[in-house]
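Source file: structure-v8.pdb; contents: PDB, C-alpha atoms and all ligand atoms.
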```pdb
ATOM      1  CA  MET W 203      20.832  -8.790  -9.504
ATOM      2  CA  ILE W 204      17.132  -7.913  -9.139
ATOM      3  CA  ASN W 205      16.131  -5.431 -11.860
ATOM      4  CA  ILE W 206      13.371  -3.122 -10.673
ATOM      5  CA  ALA W 207      11.039  -0.675 -12.430
ATOM      6  CA  VAL W 208       9.438   1.954 -10.193
ATOM      7  CA  THR W 209       6.207   3.756 -11.068
ATOM      8  CA  GLY W 210       5.500   6.959  -9.171
ATOM      9  CA  ALA W 211       9.292   7.377  -9.235
ATOM     10  CA  ALA W 212       9.331  11.064  -8.242
ATOM     11  CA  GLY W 213       6.669  10.720  -5.528
ATOM     12  CA  ARG W 214       7.130  10.721  -1.754
ATOM     13  CA  MET W 215       7.379   6.905  -1.591
ATOM     14  CA  GLY W 216       8.797   6.237  -5.073
ATOM     15  CA  SER W 217      11.787   8.542  -4.593
ATOM     16  CA  LYS W 218      12.603   7.035  -1.183
ATOM     17  CA  ILE W 219      12.287   3.502  -2.585
ATOM     18  CA  ILE W 220      14.689   4.363  -5.422
ATOM     19  CA  LYS W 221      17.229   5.804  -2.967
ATOM     20  CA  ASN W 222      17.055   2.581  -0.930
ATOM     21  CA  ILE W 223      17.343   0.341  -3.987
ATOM     22  CA  LEU W 224      20.513   2.226  -4.946
ATOM     23  CA  GLU W 225      21.981   1.285  -1.542
ATOM     24  CA  GLN W 226      21.348  -2.474  -2.011
ATOM     25  CA  ASP W 227      24.088  -4.669  -3.504
ATOM     26  CA  ASP W 228      21.587  -7.080  -5.108
ATOM     27  CA  MET W 229      19.169  -4.535  -6.638
ATOM     28  CA  ASN W 230      19.251  -2.290  -9.675
ATOM     29  CA  ILE W 231      16.932   0.447 -11.008
ATOM     30  CA  ALA W 232      15.865  -0.630 -14.500
ATOM     31  CA  ALA W 233      13.175   1.998 -15.151
ATOM     32  CA  ALA W 234      11.604   5.032 -13.489
ATOM     33  CA  VAL W 235       8.074   5.904 -14.613
ATOM     34  CA  GLU W 236       5.977   9.001 -13.955
ATOM     35  CA  THR W 237       2.615  10.366 -15.186
ATOM     36  CA  PRO W 238       1.823  10.361 -18.952
ATOM     37  CA  ASP W 239       2.173  14.170 -19.053
ATOM     38  CA  THR W 240       5.187  14.416 -16.769
ATOM     39  CA  PRO W 241       7.384  17.461 -17.392
ATOM     40  CA  LEU W 242      10.246  15.257 -16.115
ATOM     41  CA  GLU W 243      10.304  13.033 -19.254
ATOM     42  CA  GLY W 244      13.882  12.278 -20.277
ATOM     43  CA  LYS W 245      15.395  13.745 -17.092
ATOM     44  CA  ASP W 246      17.630  11.462 -15.024
ATOM     45  CA  ILE W 247      15.685  10.136 -12.008
ATOM     46  CA  GLY W 248      18.781  10.308  -9.782
ATOM     47  CA  GLU W 249      19.142  14.031 -10.514
ATOM     48  CA  VAL W 250      15.427  14.611  -9.863
ATOM     49  CA  ILE W 251      15.512  12.935  -6.432
ATOM     50  CA  GLY W 252      18.812  14.545  -5.466
ATOM     51  CA  VAL W 253      21.267  11.637  -5.575
ATOM     52  CA  GLY W 254      23.088  12.589  -8.786
ATOM     53  CA  ASN W 255      22.999  10.981 -12.234
ATOM     54  CA  ILE W 256      22.250   7.221 -12.180
ATOM     55  CA  GLY W 257      21.800   6.795 -15.934
ATOM     56  CA  VAL W 258      18.035   6.069 -15.809
ATOM     57  CA  GLU W 259      15.757   8.495 -17.663
ATOM     58  CA  ILE W 260      12.182   9.108 -16.504
ATOM     59  CA  THR W 261       9.635   7.462 -18.802
ATOM     60  CA  PRO W 262       6.037   8.743 -19.065
ATOM     61  CA  ALA W 263       3.379   6.118 -18.233
ATOM     62  CA  ASN W 264       2.013   6.046 -21.819
ATOM     63  CA  LYS W 265       5.349   4.428 -22.778
ATOM     64  CA  LEU W 266       5.228   1.868 -19.935
ATOM     65  CA  GLU W 267       4.815  -1.172 -22.188
ATOM     66  CA  GLU W 268       7.655   0.030 -24.402
ATOM     67  CA  VAL W 269      10.062   0.434 -21.474
ATOM     68  CA  LEU W 270       9.056  -2.891 -19.859
ATOM     69  CA  THR W 271       9.683  -4.726 -23.145
ATOM     70  CA  LYS W 272      13.049  -3.005 -23.477
ATOM     71  CA  VAL W 273      14.466  -3.398 -19.931
ATOM     72  CA  LYS W 274      12.579  -6.588 -18.901
ATOM     73  CA  PRO W 275      12.539  -5.879 -15.139
ATOM     74  CA  ASP W 276      12.107  -8.741 -12.640
ATOM     75  CA  VAL W 277       9.745  -6.636 -10.498
ATOM     76  CA  LEU W 278       7.717  -3.452 -10.898
ATOM     77  CA  VAL W 279       7.174  -1.476  -7.672
ATOM     78  CA  ASP W 280       4.090   0.774  -7.781
ATOM     79  CA  PHE W 281       3.300   3.583  -5.330
ATOM     80  CA  THR W 282       1.032   5.903  -7.341
ATOM     81  CA  ILE W 283      -2.745   6.379  -7.271
ATOM     82  CA  ALA W 284      -5.445   3.711  -7.563
ATOM     83  CA  ASN W 285      -6.820   4.269 -11.103
ATOM     84  CA  ALA W 286      -3.301   4.646 -12.548
ATOM     85  CA  ALA W 287      -2.064   1.586 -10.647
ATOM     86  CA  VAL W 288      -4.813  -0.633 -12.124
ATOM     87  CA  LYS W 289      -3.595   0.163 -15.655
ATOM     88  CA  THR W 290       0.045  -0.330 -14.632
ATOM     89  CA  ILE W 291      -0.714  -3.698 -12.998
ATOM     90  CA  LYS W 292      -2.534  -4.899 -16.154
ATOM     91  CA  THR W 293       0.321  -3.780 -18.433
ATOM     92  CA  ALA W 294       2.975  -5.352 -16.181
ATOM     93  CA  SER W 295       1.014  -8.627 -15.882
ATOM     94  CA  ILE W 296       0.525  -8.942 -19.651
ATOM     95  CA  ASN W 297       4.260  -8.380 -20.072
ATOM     96  CA  ASN W 298       5.092 -11.026 -17.456
ATOM     97  CA  VAL W 299       6.553  -8.563 -14.937
ATOM     98  CA  ASN W 300       6.076  -9.424 -11.236
ATOM     99  CA  LEU W 301       4.625  -6.793  -8.935
ATOM    100  CA  VAL W 302       5.033  -5.155  -5.535
ATOM    101  CA  VAL W 303       2.143  -2.716  -5.081
ATOM    102  CA  GLY W 304       1.742  -0.335  -2.155
ATOM    103  CA  THR W 305      -0.834   1.974  -3.739
ATOM    104  CA  THR W 306      -4.063   2.244  -1.743
ATOM    105  CA  GLY W 307      -7.661   3.255  -2.373
ATOM    106  CA  PHE W 308      -8.723   0.515  -4.836
ATOM    107  CA  SER W 309     -12.485  -0.001  -5.224
ATOM    108  CA  ASP W 310     -13.877  -3.558  -5.083
ATOM    109  CA  GLU W 311     -14.262  -3.474  -8.903
ATOM    110  CA  GLU W 312     -10.631  -2.371  -9.295
ATOM    111  CA  MET W 313      -9.457  -5.169  -6.961
ATOM    112  CA  THR W 314     -11.383  -7.688  -9.084
ATOM    113  CA  GLU W 315      -9.691  -6.376 -12.264
ATOM    114  CA  ILE W 316      -6.292  -6.577 -10.552
ATOM    115  CA  LYS W 317      -6.875 -10.162  -9.361
ATOM    116  CA  GLU W 318      -7.973 -11.212 -12.853
ATOM    117  CA  ALA W 319      -4.860  -9.756 -14.491
ATOM    118  CA  ILE W 320      -2.531 -11.433 -11.982
ATOM    119  CA  THR W 321      -4.295 -14.813 -12.092
ATOM    120  CA  LEU W 322      -4.706 -14.940 -15.894
ATOM    121  CA  ASN W 323      -1.096 -13.963 -16.610
ATOM    122  CA  LYS W 324       0.303 -16.080 -13.724
ATOM    123  CA  VAL W 325       2.598 -13.352 -12.413
ATOM    124  CA  LYS W 326       3.771 -13.053  -8.813
ATOM    125  CA  ALA W 327       2.483 -10.142  -6.754
ATOM    126  CA  VAL W 328       2.721  -8.698  -3.270
ATOM    127  CA  ILE W 329      -0.010  -6.127  -2.678
ATOM    128  CA  ALA W 330      -0.346  -4.534   0.752
ATOM    129  CA  PRO W 331      -1.853  -1.258   1.927
ATOM    130  CA  ASN W 332       0.849  -0.961   4.552
ATOM    131  CA  MET W 333       4.270  -2.524   4.152
ATOM    132  CA  ALA W 334       5.635  -1.579   7.597
ATOM    133  CA  VAL W 335       6.651  -4.646   9.613
ATOM    134  CA  GLY W 336       5.149  -3.255  12.838
ATOM    135  CA  VAL W 337       1.777  -2.606  11.224
ATOM    136  CA  ASN W 338       1.555  -6.169  10.024
ATOM    137  CA  VAL W 339       2.244  -7.399  13.579
ATOM    138  CA  PHE W 340      -0.482  -4.907  14.664
ATOM    139  CA  PHE W 341      -2.874  -6.627  12.185
ATOM    140  CA  LYS W 342      -2.077  -9.967  13.825
ATOM    141  CA  VAL W 343      -2.640  -8.603  17.352
ATOM    142  CA  ILE W 344      -6.010  -7.103  16.287
ATOM    143  CA  LYS W 345      -7.016 -10.419  14.678
ATOM    144  CA  ASP W 346      -6.267 -12.237  17.952
ATOM    145  CA  LEU W 347      -7.990  -9.609  20.142
ATOM    146  CA  ALA W 348     -11.209  -9.139  18.146
ATOM    147  CA  PRO W 349     -12.840 -12.472  19.087
ATOM    148  CA  ILE W 350     -11.807 -12.092  22.759
ATOM    149  CA  LEU W 351     -13.357  -8.587  22.981
ATOM    150  CA  SER W 352     -16.231  -9.233  20.576
ATOM    151  CA  ASP W 353     -18.800  -7.635  22.921
ATOM    152  CA  TYR W 354     -16.784  -4.396  23.314
ATOM    153  CA  ASP W 355     -17.503  -1.335  21.154
ATOM    154  CA  ILE W 356     -14.841  -1.137  18.454
ATOM    155  CA  GLU W 357     -13.700   2.096  16.792
ATOM    156  CA  ILE W 358     -10.888   2.585  14.273
ATOM    157  CA  ILE W 359      -9.066   5.930  14.212
ATOM    158  CA  GLU W 360      -6.417   6.829  11.638
ATOM    159  CA  ALA W 361      -4.363  10.003  11.096
ATOM    160  CA  HIS W 362      -2.347  11.037   8.034
ATOM    161  CA  HIS W 363      -0.666  14.068   6.444
ATOM    162  CA  LYS W 364      -2.703  16.758   4.709
ATOM    163  CA  HIS W 365      -1.700  15.598   1.192
ATOM    164  CA  LYS W 366      -3.233  12.116   1.466
ATOM    165  CA  ARG W 367      -5.979  11.765  -1.121
ATOM    166  CA  ASP W 368      -7.922   8.659  -0.061
ATOM    167  CA  ALA W 369      -9.849   8.198   3.171
ATOM    168  CA  PRO W 370     -10.098   6.150   5.248
ATOM    169  CA  SER W 371      -6.590   4.819   4.759
ATOM    170  CA  GLY W 372      -6.081   1.445   3.102
ATOM    171  CA  THR W 373      -4.618   0.257   6.408
ATOM    172  CA  ALA W 374      -7.751   1.277   8.336
ATOM    173  CA  VAL W 375      -9.941  -0.480   5.744
ATOM    174  CA  LYS W 376      -7.815  -3.609   6.173
ATOM    175  CA  VAL W 377      -8.217  -3.376   9.976
ATOM    176  CA  PHE W 378     -11.995  -3.202   9.509
ATOM    177  CA  GLU W 379     -11.916  -6.241   7.201
ATOM    178  CA  ILE W 380      -9.812  -8.227   9.702
ATOM    179  CA  ILE W 381     -12.192  -7.434  12.582
ATOM    180  CA  ALA W 382     -15.359  -8.028  10.528
ATOM    181  CA  HIS W 383     -13.938 -11.362   9.359
ATOM    182  CA  GLU W 384     -13.060 -12.427  12.909
ATOM    183  CA  LEU W 385     -16.565 -11.472  14.072
ATOM    184  CA  GLU W 386     -18.206 -13.240  11.131
ATOM    185  CA  ASP W 387     -20.755 -14.985  13.335
ATOM    186  CA  GLU W 388     -21.354 -11.875  15.402
ATOM    187  CA  SER W 389     -23.450  -8.850  14.561
ATOM    188  CA  LYS W 390     -20.685  -6.218  14.507
ATOM    189  CA  LYS W 391     -20.137  -5.728  10.808
ATOM    190  CA  THR W 392     -21.322  -2.260   9.778
ATOM    191  CA  CYS W 393     -18.673   0.354   9.163
ATOM    192  CA  VAL W 394     -19.895   3.801  10.285
ATOM    193  CA  TYR W 395     -17.808   6.611   8.782
ATOM    194  CA  GLY W 396     -17.514   9.511  11.234
ATOM    195  CA  ARG W 397     -20.640  10.683  13.007
ATOM    196  CA  ASN W 398     -22.487  13.924  12.454
ATOM    197  CA  GLY W 399     -25.768  15.320  13.738
ATOM    198  CA  LEU W 400     -28.425  13.521  15.744
ATOM    199  CA  VAL W 401     -27.263  10.000  14.961
ATOM    200  CA  GLY W 402     -28.747   8.369  18.039
ATOM    201  CA  GLU W 403     -27.079   5.864  20.320
ATOM    202  CA  ARG W 404     -24.288   3.718  19.040
ATOM    203  CA  THR W 405     -25.411   0.202  18.161
ATOM    204  CA  ALA W 406     -23.509  -3.018  18.799
ATOM    205  CA  GLU W 407     -23.399  -3.615  15.014
ATOM    206  CA  GLU W 408     -21.247  -0.529  14.399
ATOM    207  CA  ILE W 409     -17.525  -0.350  13.935
ATOM    208  CA  GLY W 410     -16.714   3.361  13.855
ATOM    209  CA  MET W 411     -14.157   4.654  11.340
ATOM    210  CA  HIS W 412     -12.513   8.063  11.752
ATOM    211  CA  ALA W 413      -9.979   9.752   9.465
ATOM    212  CA  ILE W 414      -7.859  12.657  10.718
ATOM    213  CA  ARG W 415      -5.877  14.698   8.150
ATOM    214  CA  GLY W 416      -3.234  17.290   8.942
ATOM    215  CA  GLY W 417       0.332  18.493   8.747
ATOM    216  CA  ASP W 418       3.027  15.933   8.093
ATOM    217  CA  ILE W 419       1.665  12.944  10.065
ATOM    218  CA  ILE W 420       3.202   9.899   8.372
ATOM    219  CA  GLY W 421       0.519   7.438   9.500
ATOM    220  CA  ASP W 422      -1.105   6.532  12.850
ATOM    221  CA  HIS W 423      -3.694   3.794  13.421
ATOM    222  CA  THR W 424      -5.553   3.027  16.628
ATOM    223  CA  VAL W 425      -8.125   0.349  17.351
ATOM    224  CA  LEU W 426     -10.181   1.163  20.420
ATOM    225  CA  PHE W 427     -12.037  -1.591  22.274
ATOM    226  CA  ALA W 428     -14.384   0.149  24.728
ATOM    227  CA  GLY W 429     -16.220  -1.779  27.419
ATOM    228  CA  ASP W 430     -17.992  -0.845  30.643
ATOM    229  CA  GLY W 431     -15.482   0.779  32.955
ATOM    230  CA  GLU W 432     -12.438   0.179  30.789
ATOM    231  CA  ARG W 433     -10.983   0.512  27.322
ATOM    232  CA  LEU W 434      -8.072  -1.019  25.484
ATOM    233  CA  GLU W 435      -6.322   0.933  22.730
ATOM    234  CA  ILE W 436      -3.834  -0.608  20.350
ATOM    235  CA  THR W 437      -1.840   1.963  18.375
ATOM    236  CA  HIS W 438       0.738   1.813  15.627
ATOM    237  CA  ARG W 439       2.580   4.995  14.646
ATOM    238  CA  ALA W 440       4.860   5.321  11.650
ATOM    239  CA  SER W 441       7.392   8.070  12.360
ATOM    240  CA  SER W 442       9.217   7.781   9.038
ATOM    241  CA  ARG W 443       8.437   6.458   5.541
ATOM    242  CA  GLN W 444      11.532   4.296   6.027
ATOM    243  CA  ALA W 445       9.262   1.803   7.850
ATOM    244  CA  PHE W 446       7.293   1.269   4.600
ATOM    245  CA  VAL W 447      10.433   1.228   2.452
ATOM    246  CA  ASN W 448      12.033  -1.515   4.601
ATOM    247  CA  GLY W 449       8.888  -3.599   4.008
ATOM    248  CA  VAL W 450       9.098  -2.938   0.249
ATOM    249  CA  MET W 451      12.673  -4.299   0.220
ATOM    250  CA  LYS W 452      11.446  -7.469   1.998
ATOM    251  CA  ALA W 453       8.538  -7.814  -0.459
ATOM    252  CA  VAL W 454      10.881  -7.480  -3.469
ATOM    253  CA  ARG W 455      13.157 -10.195  -2.027
ATOM    254  CA  TYR W 456      10.100 -12.437  -1.394
ATOM    255  CA  ILE W 457       9.051 -12.377  -5.082
ATOM    256  CA  PRO W 458      11.294 -15.319  -6.162
ATOM    257  CA  ILE W 459       9.509 -17.637  -3.664
ATOM    258  CA  ALA W 460       6.021 -16.110  -4.071
ATOM    259  CA  GLU W 461       3.234 -18.225  -5.578
ATOM    260  CA  LYS W 462       2.482 -17.502  -9.251
ATOM    261  CA  GLY W 463      -0.932 -16.089 -10.123
ATOM    262  CA  LYS W 464      -1.743 -15.231  -6.509
ATOM    263  CA  ILE W 465      -1.789 -11.973  -4.573
ATOM    264  CA  SER W 466       0.489 -12.378  -1.564
ATOM    265  CA  ASP W 467       0.415  -9.915   1.323
ATOM    266  CA  MET W 468       2.909  -8.805   3.964
ATOM    267  CA  ALA W 469       1.780 -11.571   6.316
ATOM    268  CA  ASP W 470       3.081 -14.026   3.658
ATOM    269  CA  VAL W 471       6.289 -12.020   3.274
ATOM    270  CA  LEU W 472       6.888 -11.862   7.041
ATOM    271  CA  GLY W 473       5.767 -15.434   7.763
ATOM    272  CA  LEU W 474       2.925 -14.262  10.033
ATOM    273  CA  LYS W 475       0.281 -16.701   8.740
TER     274      LYS W 475
HETATM  275  N1  LIG Y 501       1.643   0.325   1.230
HETATM  276  C1  LIG Y 501       2.300   1.204   1.984
HETATM  277  O1  LIG Y 501       3.059   0.829   2.907
HETATM  278  C2  LIG Y 501       2.154   2.664   1.709
HETATM  279  C3  LIG Y 501       2.908   3.621   2.408
HETATM  280  C4  LIG Y 501       2.800   4.963   2.030
HETATM  281  C5  LIG Y 501       1.953   5.339   0.992
HETATM  282  N2  LIG Y 501       1.205   4.377   0.370
HETATM  283  C6  LIG Y 501       0.354   4.680  -0.779
HETATM  284  O2  LIG Y 501       1.199   4.851  -1.908
HETATM  285  C7  LIG Y 501       0.592   5.770  -2.819
HETATM  286  C8  LIG Y 501       1.559   6.897  -3.155
HETATM  287  O3  LIG Y 501       1.824   7.632  -1.986
HETATM  288  P1  LIG Y 501       2.834   8.892  -2.007
HETATM  289  O4  LIG Y 501       2.728   9.531  -0.666
HETATM  290  O5  LIG Y 501       4.166   8.461  -2.510
HETATM  291  O6  LIG Y 501       2.112   9.810  -3.105
HETATM  292  P2  LIG Y 501       2.754  10.928  -4.058
HETATM  293  O7  LIG Y 501       1.605  11.716  -4.585
HETATM  294  O8  LIG Y 501       3.874  11.629  -3.363
HETATM  295  O9  LIG Y 501       3.412  10.050  -5.235
HETATM  296  C9  LIG Y 501       2.691   9.426  -6.243
HETATM  297  C10 LIG Y 501       3.481   9.570  -7.522
HETATM  298  O10 LIG Y 501       2.848   8.800  -8.547
HETATM  299  C11 LIG Y 501       2.931   9.535  -9.750
HETATM  300  N3  LIG Y 501       1.947   8.986 -10.687
HETATM  301  C12 LIG Y 501       0.614   9.226 -10.779
HETATM  302  N4  LIG Y 501       0.078   8.547 -11.802
HETATM  303  C13 LIG Y 501       1.078   7.836 -12.365
HETATM  304  C14 LIG Y 501       1.147   6.934 -13.454
HETATM  305  N5  LIG Y 501       0.085   6.646 -14.206
HETATM  306  N6  LIG Y 501       2.341   6.360 -13.736
HETATM  307  C15 LIG Y 501       3.443   6.663 -13.028
HETATM  308  N7  LIG Y 501       3.434   7.524 -11.990
HETATM  309  C16 LIG Y 501       2.275   8.104 -11.663
HETATM  310  C17 LIG Y 501       2.712  10.982  -9.315
HETATM  311  O11 LIG Y 501       3.167  11.912 -10.282
HETATM  312  C18 LIG Y 501       3.546  11.023  -8.041
HETATM  313  O12 LIG Y 501       4.904  11.380  -8.282
HETATM  314  C19 LIG Y 501      -0.712   6.219  -2.151
HETATM  315  O13 LIG Y 501      -1.766   5.406  -2.610
HETATM  316  C20 LIG Y 501      -0.453   5.950  -0.676
HETATM  317  O14 LIG Y 501      -1.632   5.760   0.057
HETATM  318  C21 LIG Y 501       1.285   3.059   0.703
END
```
Just give me the structure as structure tokens.
Ligand SMILES: NC(=O)c1ccc[n+]([C@@H]2O[C@H](COP(=O)([O-])OP(=O)(O)OC[C@H]3O[C@@H](n4cnc5c(N)ncnc54)[C@H](O)[C@@H]3O)[C@@H](O)[C@H]2O)c1
Amino acid sequence: MINIAVTGAAGRMGSKIIKNILEQDDMNIAAAVETPDTPLEGKDIGEVIGVGNIGVEITPANKLEEVLTKVKPDVLVDFTIANAAVKTIKTASINNVNLVVGTTGFSDEEMTEIKEAITLNKVKAVIAPNMAVGVNVFFKVIKDLAPILSDYDIEIIEAHHKHKRDAPSGTAVKVFEIIAHELEDESKKTCVYGRNGLVGERTAEEIGMHAIRGGDIIGDHTVLFAGDGERLEITHRASSRQAFVNGVMKAVRYIPIAEKGKISDMADVLGLK
């Protein structure tokens, strides 16, 4: 049985992940953690997310270490917010708890802190800004296309629901990184966020980045390669959070074979490397 702690347990992703874990024969909810000031402290997480009592009380994040020491989970799954996730990752690493992290919006400094904690404490970790299987195939397609269309103008467009706090999305940032890496020897490396005013003609160095926010859009990503007389658009659309949750289940099951002290991604999990 894989014992799992979930941080962000009452959130959009956390609650869905818990529901899915409850449906798996080989997985068990060991702890459900919410914000330090959560009014849900002590309430049963199953009741809160509408599946009935499951015998797991919500723990506030200031008691994370306490609960990890008590229930000793095999994996902690985190879908929260960047600054909170950094603290959670450090606490889990120090307590020898492996990690599956879907939270996005980490700064470079935060990513360095995260890497240090995972390397020093030799825990296993899968961290990916988008756990959907299709999106990770999309990353591979973009990686293959970028060098072929290196002289085309490249723009990245993403769309998400109105509640999303970070922009551009972690997935769009990853797409930029993939393209910039593939074009390492080329000049196209500058990310230009939106355009406003008299910005002049587009340069060949630019990769445009555009974030749309509205309604209940789960998550769309398009990479546009525009040339003279033609354009190629590659689009991934998530129509349900279930796509991410299915990836989380795969990431959790990958943990036993993951390399210690290294951050694995979904390409490792899905064997796409
Ligand atoms: N990797 C992926 O596939 C993927 C998919 C969807 C969303 N996300 C990312 O996951 C994160 C969460 O998204 P969401 O839509 O579920 O957000 P949400 O706001 O619905 O849920 C976040 C939850 O985290 C809780 N939280 C905040 N600080 C906490 C702390 N210190 N300890 C414990 N819980 C804490 C909040 O109370 C909330 O319930 C975002 O960064 C989002 O971009 C990633």
> Taking the file as shown, what set of residues would the PyMOL selection byres (((chain W and resi 277) around 8) and not hetatm) give back, as a list in words?
Replying inline: Ile204, Asn205, Ile206, Ala207, Pro275, Asp276, Leu278, Val279, Val299, Asn300, Leu301, Val302, Val454 and Ile457 of chain W
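From atom CA of Pro349 of chain W back to atom CA of Ile381 of chain W, the distance works out to 8.3 Å.
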> Of the candidates W:Phe427, W:Tyr395, W:Tyr456, W:Phe281, which one gets nearest to Thr209 of chain W if we count only C-alpha atoms?
Replying inline: W:Phe281
Residues near Thr237 of chain W, anyone? I mean within 9 Å using only C-alpha atoms, not counting same-chain ones fewer than 6 positions away, as a PDB file with C-alpha atoms, in the coordinates of the input.
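Just written: selection_2.pdb:
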```
ATOM      1  CA  THR W 209       6.207   3.756 -11.068  1.00  0.00           C
ATOM      2  CA  GLY W 210       5.500   6.959  -9.171  1.00  0.00           C
ATOM      3  CA  THR W 261       9.635   7.462 -18.802  1.00  0.00           C
ATOM      4  CA  PRO W 262       6.037   8.743 -19.065  1.00  0.00           C
ATOM      5  CA  ALA W 263       3.379   6.118 -18.233  1.00  0.00           C
ATOM      6  CA  ASN W 264       2.013   6.046 -21.819  1.00  0.00           C
ATOM      7  CA  ALA W 286      -3.301   4.646 -12.548  1.00  0.00           C
TER       8      ALA W 286
END
```
> Can you list, as a ChimeraX atom specification, every protein, DNA or RNA residue that comes within 9 Å of Lys342 of chain W when you count all atoms listed in the file, leaving out same-chain residues fewer than 5 positions away?
Replying inline: /W:337,347,380,469,474-475
Residues just named, written with C-alpha atoms as a PDB file, in the frame of the given file:
```pdb
ATOM      1  CA  VAL W 337       1.777  -2.606  11.224  1.00  0.00           C
ATOM      2  CA  LEU W 347      -7.990  -9.609  20.142  1.00  0.00           C
ATOM      3  CA  ILE W 380      -9.812  -8.227   9.702  1.00  0.00           C
ATOM      4  CA  ALA W 469       1.780 -11.571   6.316  1.00  0.00           C
ATOM      5  CA  LEU W 474       2.925 -14.262  10.033  1.00  0.00           C
ATOM      6  CA  LYS W 475       0.281 -16.701   8.740  1.00  0.00           C
TER       7      LYS W 475
END
```
>> Using only C-alpha atoms, which protein or nucleic acid residues come within 12 Å of Val447 of chain W? Drop anything in the same chain fewer than 4 positions from it, and give the result as a list in words.
In response: Arg214, Met215, Gly216, Ser217, Lys218, Ile219, Ile220, Lys221, Asn222, Ile223, Val279, Phe281, Val302, Val303, Gly304, Asn332, Met333, Ala334, Val335, Ala440, Ser442, Arg443, Met451, Lys452, Ala453 and Val454 of chain W
>> as a list in words, please: the residues near Glu384 of chain W (cut-off 9 Å, all atoms listed in the file, same-chain neighbours under 4 positions excluded).
In response: Lys345, Asp346, Ala348, Pro349, Ser352, Glu379, Ile380 and Glu388 of chain W
>> Evaluate the PyMOL selection byres (((chain W and resi 429-437) around 10) and not hetatm) against this structure - the residues, as number ranges by chain, please.
In response: W: 337, 340, 343-344, 347, 351, 353-360, 422-428, 438-439
Dump as an mmCIF file, in the coordinates of the input, selection limited to C-alpha atoms:
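File written: part.cif
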```
data_model
loop_
_atom_site.group_PDB
_atom_site.id
_atom_site.type_symbol
_atom_site.label_atom_id
_atom_site.label_comp_id
_atom_site.auth_asym_id
_atom_site.auth_seq_id
_atom_site.Cartn_x
_atom_site.Cartn_y
_atom_site.Cartn_z
ATOM 1 C CA VAL W 337 1.777 -2.606 11.224
ATOM 2 C CA PHE W 340 -0.482 -4.907 14.664
ATOM 3 C CA VAL W 343 -2.640 -8.603 17.352
ATOM 4 C CA ILE W 344 -6.010 -7.103 16.287
ATOM 5 C CA LEU W 347 -7.990 -9.609 20.142
ATOM 6 C CA LEU W 351 -13.357 -8.587 22.981
ATOM 7 C CA ASP W 353 -18.800 -7.635 22.921
ATOM 8 C CA TYR W 354 -16.784 -4.396 23.314
ATOM 9 C CA ASP W 355 -17.503 -1.335 21.154
ATOM 10 C CA ILE W 356 -14.841 -1.137 18.454
ATOM 11 C CA GLU W 357 -13.700 2.096 16.792
ATOM 12 C CA ILE W 358 -10.888 2.585 14.273
ATOM 13 C CA ILE W 359 -9.066 5.930 14.212
ATOM 14 C CA GLU W 360 -6.417 6.829 11.638
ATOM 15 C CA ASP W 422 -1.105 6.532 12.850
ATOM 16 C CA HIS W 423 -3.694 3.794 13.421
ATOM 17 C CA THR W 424 -5.553 3.027 16.628
ATOM 18 C CA VAL W 425 -8.125 0.349 17.351
ATOM 19 C CA LEU W 426 -10.181 1.163 20.420
ATOM 20 C CA PHE W 427 -12.037 -1.591 22.274
ATOM 21 C CA ALA W 428 -14.384 0.149 24.728
ATOM 22 C CA HIS W 438 0.738 1.813 15.627
ATOM 23 C CA ARG W 439 2.580 4.995 14.646
#
```
With all atoms of segment 414-433 of chain W from the file as input, state the centre and edge lengths in Å to one decimal of the axis-aligned box that has 6 Å extra on each side, as JSON.
```
{"center_x": -7.4, "center_y": 8.4, "center_z": 20.5, "size_x": 33.2, "size_y": 32.3, "size_z": 36.9}
```
(-4.1, -3.5, 3.0) in this file's frame - what residues fall within 8 Å of it? Use only C-alpha atoms and give the answer as a short mmCIF file (atom, residue, chain, number, x, y, z; two decimals) with C-alpha atoms, keeping the file's coordinate frame.
```cif
data_model
loop_
_atom_site.label_atom_id
_atom_site.label_comp_id
_atom_site.auth_asym_id
_atom_site.auth_seq_id
_atom_site.Cartn_x
_atom_site.Cartn_y
_atom_site.Cartn_z
CA THR W 306 -4.06 2.24 -1.74
CA ILE W 329 -0.01 -6.13 -2.68
CA ALA W 330 -0.35 -4.53 0.75
CA PRO W 331 -1.85 -1.26 1.93
CA ASN W 332 0.85 -0.96 4.55
CA GLY W 372 -6.08 1.44 3.10
CA THR W 373 -4.62 0.26 6.41
CA VAL W 375 -9.94 -0.48 5.74
CA LYS W 376 -7.82 -3.61 6.17
#
```
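Here atom CA of Arg367 of chain W is placed at a distance of 10.8 Å from atom O5 of ligand LIG 501 (chain Y).
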>> As an exercise, work out the distance from atom CA of Ala361 of chain W to atom CA of Ile283 of chain W in Å and give it to one decimal place.
In response: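 Interatomic distance, atom CA of Ala361 of chain W to atom CA of Ile283 of chain W: 18.8 Å.
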>> Let me make sure I understand: among W:Lys391, W:Lys462, W:Lys272, W:His362, which one has the smallest atom-to-atom distance to ligand LIG 501 (chain Y) if we use all atoms listed in the file?
In response: W:His362
>> Counting all atoms listed in the file, which residues have an atom no more than 12 Å from (-7.5, 0.8, -13.4) in the file's coordinates? Please list them as a ChimeraX atom specification.
In response: /W:282-293,305,307-317,319
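Distances to Glu386 of chain W were evaluated for W:Pro458, W:Glu407, W:Val273, W:Gly252 using all atoms listed in the file, and the minimum falls at W:Glu407.
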